[in-house]
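Engineer: Here it is, the structure, as structure tokens.
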Amino acid sequence: MEDAAPLLDAEAVADLVLLDPLTEESLLQTLQERFRRSDIYTYIGNVVISVNPYQSLPIYTPEKVQEYHECNFFAVKPHIYAIADDAYRSLRDRDRDQCILITGESGAGKTEASKLVMSYVAAVSSKGEEVNKVKEQLLQSNPVLEAFGNAKTARNDNSSRFGKYMDVEFDFKGEPLGGVISNYLLEKSRIVRHVKGERNFHIFYQLLAGGSAQLLQQLKLRQDCGHYGYLNQGTSSLPGMDDAANFRAMQDAMKVIGFSPAEVTALLEVTAVVLKLGNVQLSSSFQASGMEACSIAEPRELQEICELIGLDPGTLEQALCSRTVKARNETVLTTLTVPQGYYGRDALAKNIYSRLFDWLVNRINTSIQVKSGEQRKVMGVLDIYGFEIFQDNGFEQFIINYCNEKLQQIFILMTLKEEQEEYVREGIQWTPVEFFDNSIICNLIENSTSGILAMLDEECLRPGVVNEDTFLTKLNQLFATHKHYESKETQNARRVMDTSLPARCFRIHHYAGKVTYNVTGFIEKNNDLLFRDLSQAMWAARHALLRSLFPEGDPQKVSLKLPPTAGFQFKSSVAMLMKNLYSKNPNYIRCIKPNDTKSAMVFTPELVRAQVRYLGLLENVRVRRAGYAFRQLYGPFLQRYKMLSPRTWPRWAGSDREGAEVLLADLAYPKEELAFGHTKIFIRSPRTLFDLERRRQERVAQLVTLIQKMVRGWRCRTQYQLMRKSQILISAWFRGHAQKNRYKQTKRSALILQAYARGWKSRRLLRELKSQRRRCAAATTIAAHWRGYQARRTYRRYFRTSASTFLANFIYRRLVCRYLVGLAKNLPPLSVLDRTWPPAPYKFLGDAHQELKSIFYRWKCKKYRDQLPPSRRAQLQAKLCASELFKDKKTLYSKSVQQPFRSDYLGLKQNPKYQKLHTMAKDKVVMADTVRKVNRASGKTVPRLLLLTTEHLVLADPKTAQPKTVLGLGDIRSVSVTRFSDGFLVLHLKEVSTVGAKGDFLLVSDHLIELVTRLHQTLEATTGQALTLHITDKFSTRFPKGDMSVTVVESPKAGPDGPICKKKGSHKMEVLVH
Ligand SMILES: Nc1ncnc2c1ncn2[C@@H]1O[C@H](COP(=O)(O)OP(=O)(O)O)[C@@H](O)[C@H]1O
Ligand SMILES: [Mg+2]
């Protein structure tokens, strides 16, 4: 259903062949309506008409490519991709070489169309590294060629100023292998001159805008376009065109194609030379002979050019300002006038550039050409400049329009031929249609004997005065009656008054319109001469590329033969092209420009009408419909319409053709509407086709309803059956399941009962067994316990009674051990004076701890004592004895503690005065001291020497050292001393002794404590009896005159000299002590 839509939209039919009624007006309206809907493509059969939208449309996306890939040509919206796909498939599958001819006015979208075709083919052909590289190279040739060959013109900002034919070559699988590019007639006059508002070739602006400062310096160029004579005749930058970015894109493209950096540099150098040539200024001067000559006005530019190309400036200057003329066998150097000089300069610039362009195309070809010799299929894409009608048309327009005329011819011939051939092939009778055949115009131009081009050549070669006027006269004579030729003269002859045709002009009625050509410049341009001096100068340059462009400059190869004229060259290349195109299956893209202002969505009917006319679209449709508007293979036709007859629907058993015949017979169309070819059915008018389509739609609607009805019925039925089957199945399953469940339940109950019974029996048995076992076990346990009890009772004594003690002992020992070990580690220092002792760790060890403390201390003391010398020991013993005697009993004792006991206070041995006393004591002296003896009668004291030996106590006179009293120790009964700190002592004697008769002695000693102690010790040692000592305040002494009671009184009067004894009566004495 969907695919019928484009066919049936009567208001804007996608294929103009179906237009009804077919008039110029309806065709135009259809195009306009489609254009309004942004459907810029329309078919005439398999010719695509493309109306330039001047805006980017979203119809070239990768999705679109996919949509058109392997599509059915008539089933999708018309698109350039569809024709590209058709051509590609035909090439790949049917092995037919293809050519895609893109024609149209300048700015109609030809170049864009050719790029779309190329990109489509690249996108759908297979992928692979090598293939991609080839594709990329082919696609990237565009930016390079566009930079050098395109320019802004009044009609198109990116107008191709050369014709391009590109053969893309494929292998048998349809993979691109490479290609060949041919170029036609570059508009080289643009190099030196262009109309205001246009530009020179893009490359110059790109180079100046995009070249790095270094590059420009290397090329000796300035960035300012206005500086260059060839560029500053108009706008330099274009809105929407980034010259710098394009330059980079061009450089990248060259890299992709495979240009070496040196080649790129050489190319740009030659480009720079062309640009700089425009700035070489000439000035006039006069020679000695008075002849006008020209010379270089400012040598700098010339100098720089010569530096760039490696040439002697003199050579170039000479070549620019003079000319060598060969007359017979002489060569003469003639000077040029300034205009001649400029002419030569411009000719040189044009020639260099056009030859450079040819070189560029050849260089690209070497990169993209197919290396292997395998068999290839070719798809040619022709993008050639469109028909041009300007105010002032010159040689270029003539040539361009001639080429277009040829293309139109090929179009007419091919479409007709194709059409005719098809009818013949199909065995259909048909009546030829009227259409305009332009071969008469082609002939007018190219006829080799009497064509305009032949005439021009003849005029150029003719010796004598040659100018355009003679040429025009000749044409006027030749074509005086030609239907398509006009000039002032022929008009006059026919008495036609036409002011629009000036003199020196001729007019040709081209298929696309009448064009008036001005003959000025025809001969010069046809000759396309470059002074030999200039080509020789170029050949002399060291710049390899430049040199290679001028092979004819080689003096060795000088030929006097004139080179072929431009017209001749072009004619032959067009002829070659035509031959090439004829050998291929043509596909047409006819481009139409909708307006003159390059604006989007503006459709100027008048402009389009003119194009429709000269493109002969109406004729095209007519030819296409000459007999039959529609044709289709029987197979697809039957497939599409078989539902219209009950005999062919739903299936036809016979051949396709019979089927179609039966079908159409049923439909009862008039006989003349149909024709049956060998393989195709032909339908004469679109109306019939539309009727077929309408019926089909209705029938399809019915069929759809029918099918829907059947399907719904079938679906419900099957659904019901399925449900019924399912229901039966489910209930069967359910019943089975319920039964099974019941059985399982019964079985389970029986099992449970069984199990219970068995269990009960088993448990009873088990219980019995268990109780038996328990009884056994109990008896055993009881016996064991009993025996154990007995044994324990027997042994308890051994165990438990001593266990606690044992444990306690053990713990105790353990603690003690730990305590002792700890103590041993922590013993205080061994100094006797240190009485520190660590605290007791356990309370129960408190006593032992104290004991150990005292043991330790005593042990320390013993150790100290053991190491003392005997004398010191004796001394200490004496001190000890003194302490026992007096400690806490007599105040003097505490004072005496510090004083050491010196024994000998007299120096018995040393002092010779006491020699006698010494000998008397016979080394048994215990103590020698001075004492004072209290006179018993007066109580006054006198000094005496006291000598204590082991046997005696001797009192001697201090002056004579004569003993006065000698007491045996055994005579001493007792000794009395006071409680105070005095040295008063009383020696109580035994009454029986001899000395005793004198009574007791009262003495005062400064060393009382020592004296009494020693006396005690000696007495004990000798007699074995302790001294009886009284420490008292009141005692009685025995004097010869009876007993006397002595009272000791503490008084301050006593003073330091010792006690004062005062007799109080005869039996009392008071001793004052301090
Ligand atoms: N299919 C298209 N979609 C959008 N714009 C287009 C399309 N074809 C052409 N154009 C516009 O028209 C301009 C001229 O097209 P071009 O192909 O250079 O014309 P020609 O080669 O016929 O002189 C392009 O620069 C572009 O802006
Ligand atoms: Mg173009």
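Each chain of the structure tokens is named A, B, ... in the order shown, its residues numbered from 1; ligands are numbered from 1 in display order.
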What are the closest atom pairs, with distances in Å to one decimal, for each residue of chain A lying within 8 Å of ligand 2, using only C-alpha atoms and all ligand atoms, rows by chain and rising residue number, as JSON lines?
Structural biologist:
{"residue": "A:Ser106", "atom": "CA", "partner": "ligand 2", "partner_atom_place_in_ligand_line": "1 (Mg)", "distance": 6.6}
{"residue": "A:Gly107", "atom": "CA", "partner": "ligand 2", "partner_atom_place_in_ligand_line": "1 (Mg)", "distance": 6.6}
{"residue": "A:Gly109", "atom": "CA", "partner": "ligand 2", "partner_atom_place_in_ligand_line": "1 (Mg)", "distance": 6.7}
{"residue": "A:Lys110", "atom": "CA", "partner": "ligand 2", "partner_atom_place_in_ligand_line": "1 (Mg)", "distance": 5.4}
{"residue": "A:Thr111", "atom": "CA", "partner": "ligand 2", "partner_atom_place_in_ligand_line": "1 (Mg)", "distance": 4.1}
{"residue": "A:Glu112", "atom": "CA", "partner": "ligand 2", "partner_atom_place_in_ligand_line": "1 (Mg)", "distance": 7.3}
{"residue": "A:Asn150", "atom": "CA", "partner": "ligand 2", "partner_atom_place_in_ligand_line": "1 (Mg)", "distance": 7.7}
{"residue": "A:Asn158", "atom": "CA", "partner": "ligand 2", "partner_atom_place_in_ligand_line": "1 (Mg)", "distance": 7.0}
{"residue": "A:Ser159", "atom": "CA", "partner": "ligand 2", "partner_atom_place_in_ligand_line": "1 (Mg)", "distance": 4.8}
{"residue": "A:Ser160", "atom": "CA", "partner": "ligand 2", "partner_atom_place_in_ligand_line": "1 (Mg)", "distance": 4.0}
{"residue": "A:Arg161", "atom": "CA", "partner": "ligand 2", "partner_atom_place_in_ligand_line": "1 (Mg)", "distance": 7.4}
{"residue": "A:Asp383", "atom": "CA", "partner": "ligand 2", "partner_atom_place_in_ligand_line": "1 (Mg)", "distance": 6.7}
{"residue": "A:Ile384", "atom": "CA", "partner": "ligand 2", "partner_atom_place_in_ligand_line": "1 (Mg)", "distance": 7.0}
{"residue": "A:Tyr385", "atom": "CA", "partner": "ligand 2", "partner_atom_place_in_ligand_line": "1 (Mg)", "distance": 6.2}
Engineer: With a distance cut-off of 9 Å and only C-alpha atoms, select the neighbouring residues of Glu301 of chain A, excluding the residue or stretch itself and same-chain residues fewer than 4 positions from it, and output the selection as a PyMOL selection string.
Structural biologist: chain A and resi 276-277+279-281+305-306
Engineer: For those residues, write N, CA, C and O atoms to a file as a CSV table (one decimal), in the first residue's frame.
Structural biologist:
chain,number,residue,atom,x,y,z
A,276,LYS,N,52.2,36.2,-8.7
A,276,LYS,CA,53.2,37.3,-8.8
A,276,LYS,C,53.3,37.8,-10.2
A,276,LYS,O,53.7,39.0,-10.3
A,277,LEU,N,53.1,37.0,-11.2
A,277,LEU,CA,53.2,37.5,-12.5
A,277,LEU,C,52.3,38.7,-12.8
A,277,LEU,O,52.6,39.6,-13.5
A,279,ASN,N,51.7,40.9,-10.9
A,279,ASN,CA,52.2,42.2,-10.3
A,279,ASN,C,53.4,42.7,-11.1
A,279,ASN,O,54.0,43.7,-10.7
A,280,VAL,N,53.8,42.0,-12.1
A,280,VAL,CA,55.0,42.5,-12.9
A,280,VAL,C,54.5,43.6,-13.8
A,280,VAL,O,53.6,43.4,-14.6
A,281,GLN,N,55.0,44.8,-13.5
A,281,GLN,CA,54.5,46.0,-14.2
A,281,GLN,C,55.4,46.3,-15.3
A,281,GLN,O,56.7,46.2,-15.2
A,305,ILE,N,60.2,36.3,-8.5
A,305,ILE,CA,59.7,35.1,-9.3
A,305,ILE,C,60.9,34.3,-9.8
A,305,ILE,O,60.8,33.1,-9.7
A,306,CYS,N,61.9,35.0,-10.2
A,306,CYS,CA,63.1,34.2,-10.7
A,306,CYS,C,63.7,33.4,-9.6
A,306,CYS,O,64.2,32.3,-9.8
Engineer: Which residues of segment 31-131 of chain A have any atom within 8 Å of an atom in segment 580-603 of chain A when counting only C-alpha atoms, and what is the closest pair of atoms for each, with the distance in Å to one decimal? Order the rows by chain and rising number and write it as a tab-separated table.
Structural biologist:
residue	atom	partner	partner_atom	distance
A:Gln32	CA	A:Phe603	CA	6.8
A:Phe35	CA	A:Met601	CA	7.5
A:Arg36	CA	A:Met601	CA	7.0
A:Asn46	CA	A:Asn587	CA	7.4
A:Val47	CA	A:Tyr588	CA	5.0
A:Val48	CA	A:Ile589	CA	4.8
A:Ile49	CA	A:Arg590	CA	4.8
A:Ser50	CA	A:Cys591	CA	4.8
A:Val51	CA	A:Ile592	CA	4.7
A:Asn52	CA	A:Lys593	CA	5.5
A:Pro53	CA	A:Ala600	CA	5.7
A:Tyr54	CA	A:Ala600	CA	4.7
A:Gln55	CA	A:Ala600	CA	5.6
A:Ile80	CA	A:Ile589	CA	7.7
A:Ile83	CA	A:Asn587	CA	7.2
A:Ala87	CA	A:Asn587	CA	7.1
A:Arg96	CA	A:Asn585	CA	6.7
A:Asp97	CA	A:Lys584	CA	5.1
A:Gln98	CA	A:Asn585	CA	4.7
A:Cys99	CA	A:Pro586	CA	4.9
A:Ile100	CA	A:Asn587	CA	4.7
A:Leu101	CA	A:Tyr588	CA	5.0
A:Ile102	CA	A:Ile589	CA	4.8
A:Thr103	CA	A:Arg590	CA	5.2
A:Gly104	CA	A:Cys591	CA	4.7
A:Glu105	CA	A:Lys593	CA	7.0
A:Gly107	CA	A:Lys593	CA	6.7
A:Ala108	CA	A:Lys593	CA	4.4
A:Gly109	CA	A:Cys591	CA	6.0
A:Lys110	CA	A:Cys591	CA	6.2
A:Ala113	CA	A:Ile589	CA	7.9
Engineer: Between atom CA of Ser354 of chain A and atom 2 (C, counted along the ligand's line) of ligand 1, what is the distance, to one decimal in Å?
Structural biologist: 29.0 Å
Engineer: Hey, which of A:Leu333, A:Leu987, A:Leu753, A:Leu638 ends up closest to Asp533 of chain A? Count only C-alpha atoms.
Structural biologist: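 Among the listed residues, A:Leu333 lies closest to Asp533 of chain A.
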Engineer: Need the shell around segment 864-871 of chain A: protein/DNA/RNA residues with any atom at most 12 Å away, counting only C-alpha atoms. Skip same-chain ones fewer than 6 positions apart. Format as a PyMOL selection string?
Structural biologist: chain A and resi 830-833+857-858+877-878+901-903
Engineer: Write out as number ranges by chain all residues of segment 466-704 of chain A that backbone DSSP assigns to strand (DSSP E).
Structural biologist: A: 485-487, 505-510, 513-518, 585-592, 630-633, 674-676, 680-683
Engineer: Fewer than 6 positions away in the same chain doesn't count, so skip those; otherwise give me all residues within 9 Å of Ile399 of chain A, counting only C-alpha atoms, as a PDB file with N, CA, C and O atoms, in the first residue's frame.
Structural biologist:
ATOM      1  N   LEU A 185      38.724  21.848 -20.639  1.00  0.00           N
ATOM      2  CA  LEU A 185      38.693  23.283 -20.832  1.00  0.00           C
ATOM      3  C   LEU A 185      38.540  24.089 -19.529  1.00  0.00           C
ATOM      4  O   LEU A 185      37.459  24.565 -19.201  1.00  0.00           O
ATOM      5  N   GLY A 567      40.007  25.061 -30.033  1.00  0.00           N
ATOM      6  CA  GLY A 567      38.732  24.531 -30.515  1.00  0.00           C
ATOM      7  C   GLY A 567      38.890  23.109 -30.998  1.00  0.00           C
ATOM      8  O   GLY A 567      38.098  22.223 -30.669  1.00  0.00           O
ATOM      9  N   PHE A 570      39.406  20.774 -28.119  1.00  0.00           N
ATOM     10  CA  PHE A 570      38.190  20.553 -27.347  1.00  0.00           C
ATOM     11  C   PHE A 570      37.232  19.635 -28.088  1.00  0.00           C
ATOM     12  O   PHE A 570      36.637  18.733 -27.515  1.00  0.00           O
ATOM     13  N   LYS A 571      37.153  19.891 -29.389  1.00  0.00           N
ATOM     14  CA  LYS A 571      36.232  19.074 -30.198  1.00  0.00           C
ATOM     15  C   LYS A 571      36.642  17.604 -30.119  1.00  0.00           C
ATOM     16  O   LYS A 571      35.798  16.715 -29.911  1.00  0.00           O
TER      17      LYS A 571
END
Engineer: Which one of A:Trp760, A:Tyr720, A:Tyr43, A:Phe637 sits closest to Val76 of chain A if you count only C-alpha atoms?
Structural biologist: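 The answer is A:Tyr43, which sits nearest to Val76 of chain A.
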Engineer: Could you name the residues that touch Ser1051 of chain A at 7 Å or less, counting only C-alpha atoms, but leaving out those on the same chain fewer than 6 positions away, as an mmCIF file with C-alpha atoms, in the first residue's frame?
Structural biologist:
data_model
loop_
_atom_site.group_PDB
_atom_site.id
_atom_site.type_symbol
_atom_site.label_atom_id
_atom_site.label_comp_id
_atom_site.auth_asym_id
_atom_site.auth_seq_id
_atom_site.Cartn_x
_atom_site.Cartn_y
_atom_site.Cartn_z
ATOM 1 C CA LEU A 1072 77.092 20.073 144.598
ATOM 2 C CA VAL A 1073 77.046 18.869 141.065
ATOM 3 C CA HIS A 1074 75.858 20.500 137.955
#
Engineer: Which polymer residues have any atom within 10 Å of an atom of Lys933 of chain A, counting only C-alpha atoms, with same-chain residues fewer than 3 positions away left out, as a ChimeraX atom specification?
Structural biologist: /A:930,936,939-946,955,984-986,1001-1005
Engineer: From the DSSP assignment of the backbone, select every residue of segment 595-791 of chain A that is alpha helix (DSSP H), and format the answer as a ChimeraX atom specification.
Structural biologist: /A:605-614,617-625,634-641,656-667,686-791
Engineer: Smallest atom-to-atom distance to Glu136 of chain A: which of A:Thr30, A:Arg532, A:Thr337, A:Met254, using only C-alpha atoms?
Structural biologist: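 Distance minimum relative to Glu136 of chain A lands on A:Met254.
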Engineer: Can you work out which one of A:Val925, A:Leu1027, A:Leu27, A:Ala272 has the shortest atom-to-atom distance to Cys881 of chain A, counting only C-alpha atoms?
Structural biologist: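 Comparing A:Val925, A:Leu1027, A:Leu27, A:Ala272 against Cys881 of chain A, the winner is A:Leu1027.
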Engineer: Got a sec: who's within 9 Å of Leu644 of chain A, counting only C-alpha atoms, leaving out chain neighbours fewer than 6 positions off, as a ChimeraX atom specification?
Structural biologist: /A:663-664,666-667,692,695-696,699-700
Engineer: Hey, which of A:Leu28, A:Met723, A:Leu530, A:Val1071 ends up closest to Val608 of chain A? Count only C-alpha atoms.
Structural biologist: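 Ranking A:Leu28, A:Met723, A:Leu530, A:Val1071 by distance to Val608 of chain A, first place goes to A:Leu28.
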Engineer: What does the distance from atom CA of Asn527 of chain A to atom CA of Cys460 of chain A come to in Å, to one decimal?
Structural biologist: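 Interatomic distance here is 6.7 Å.
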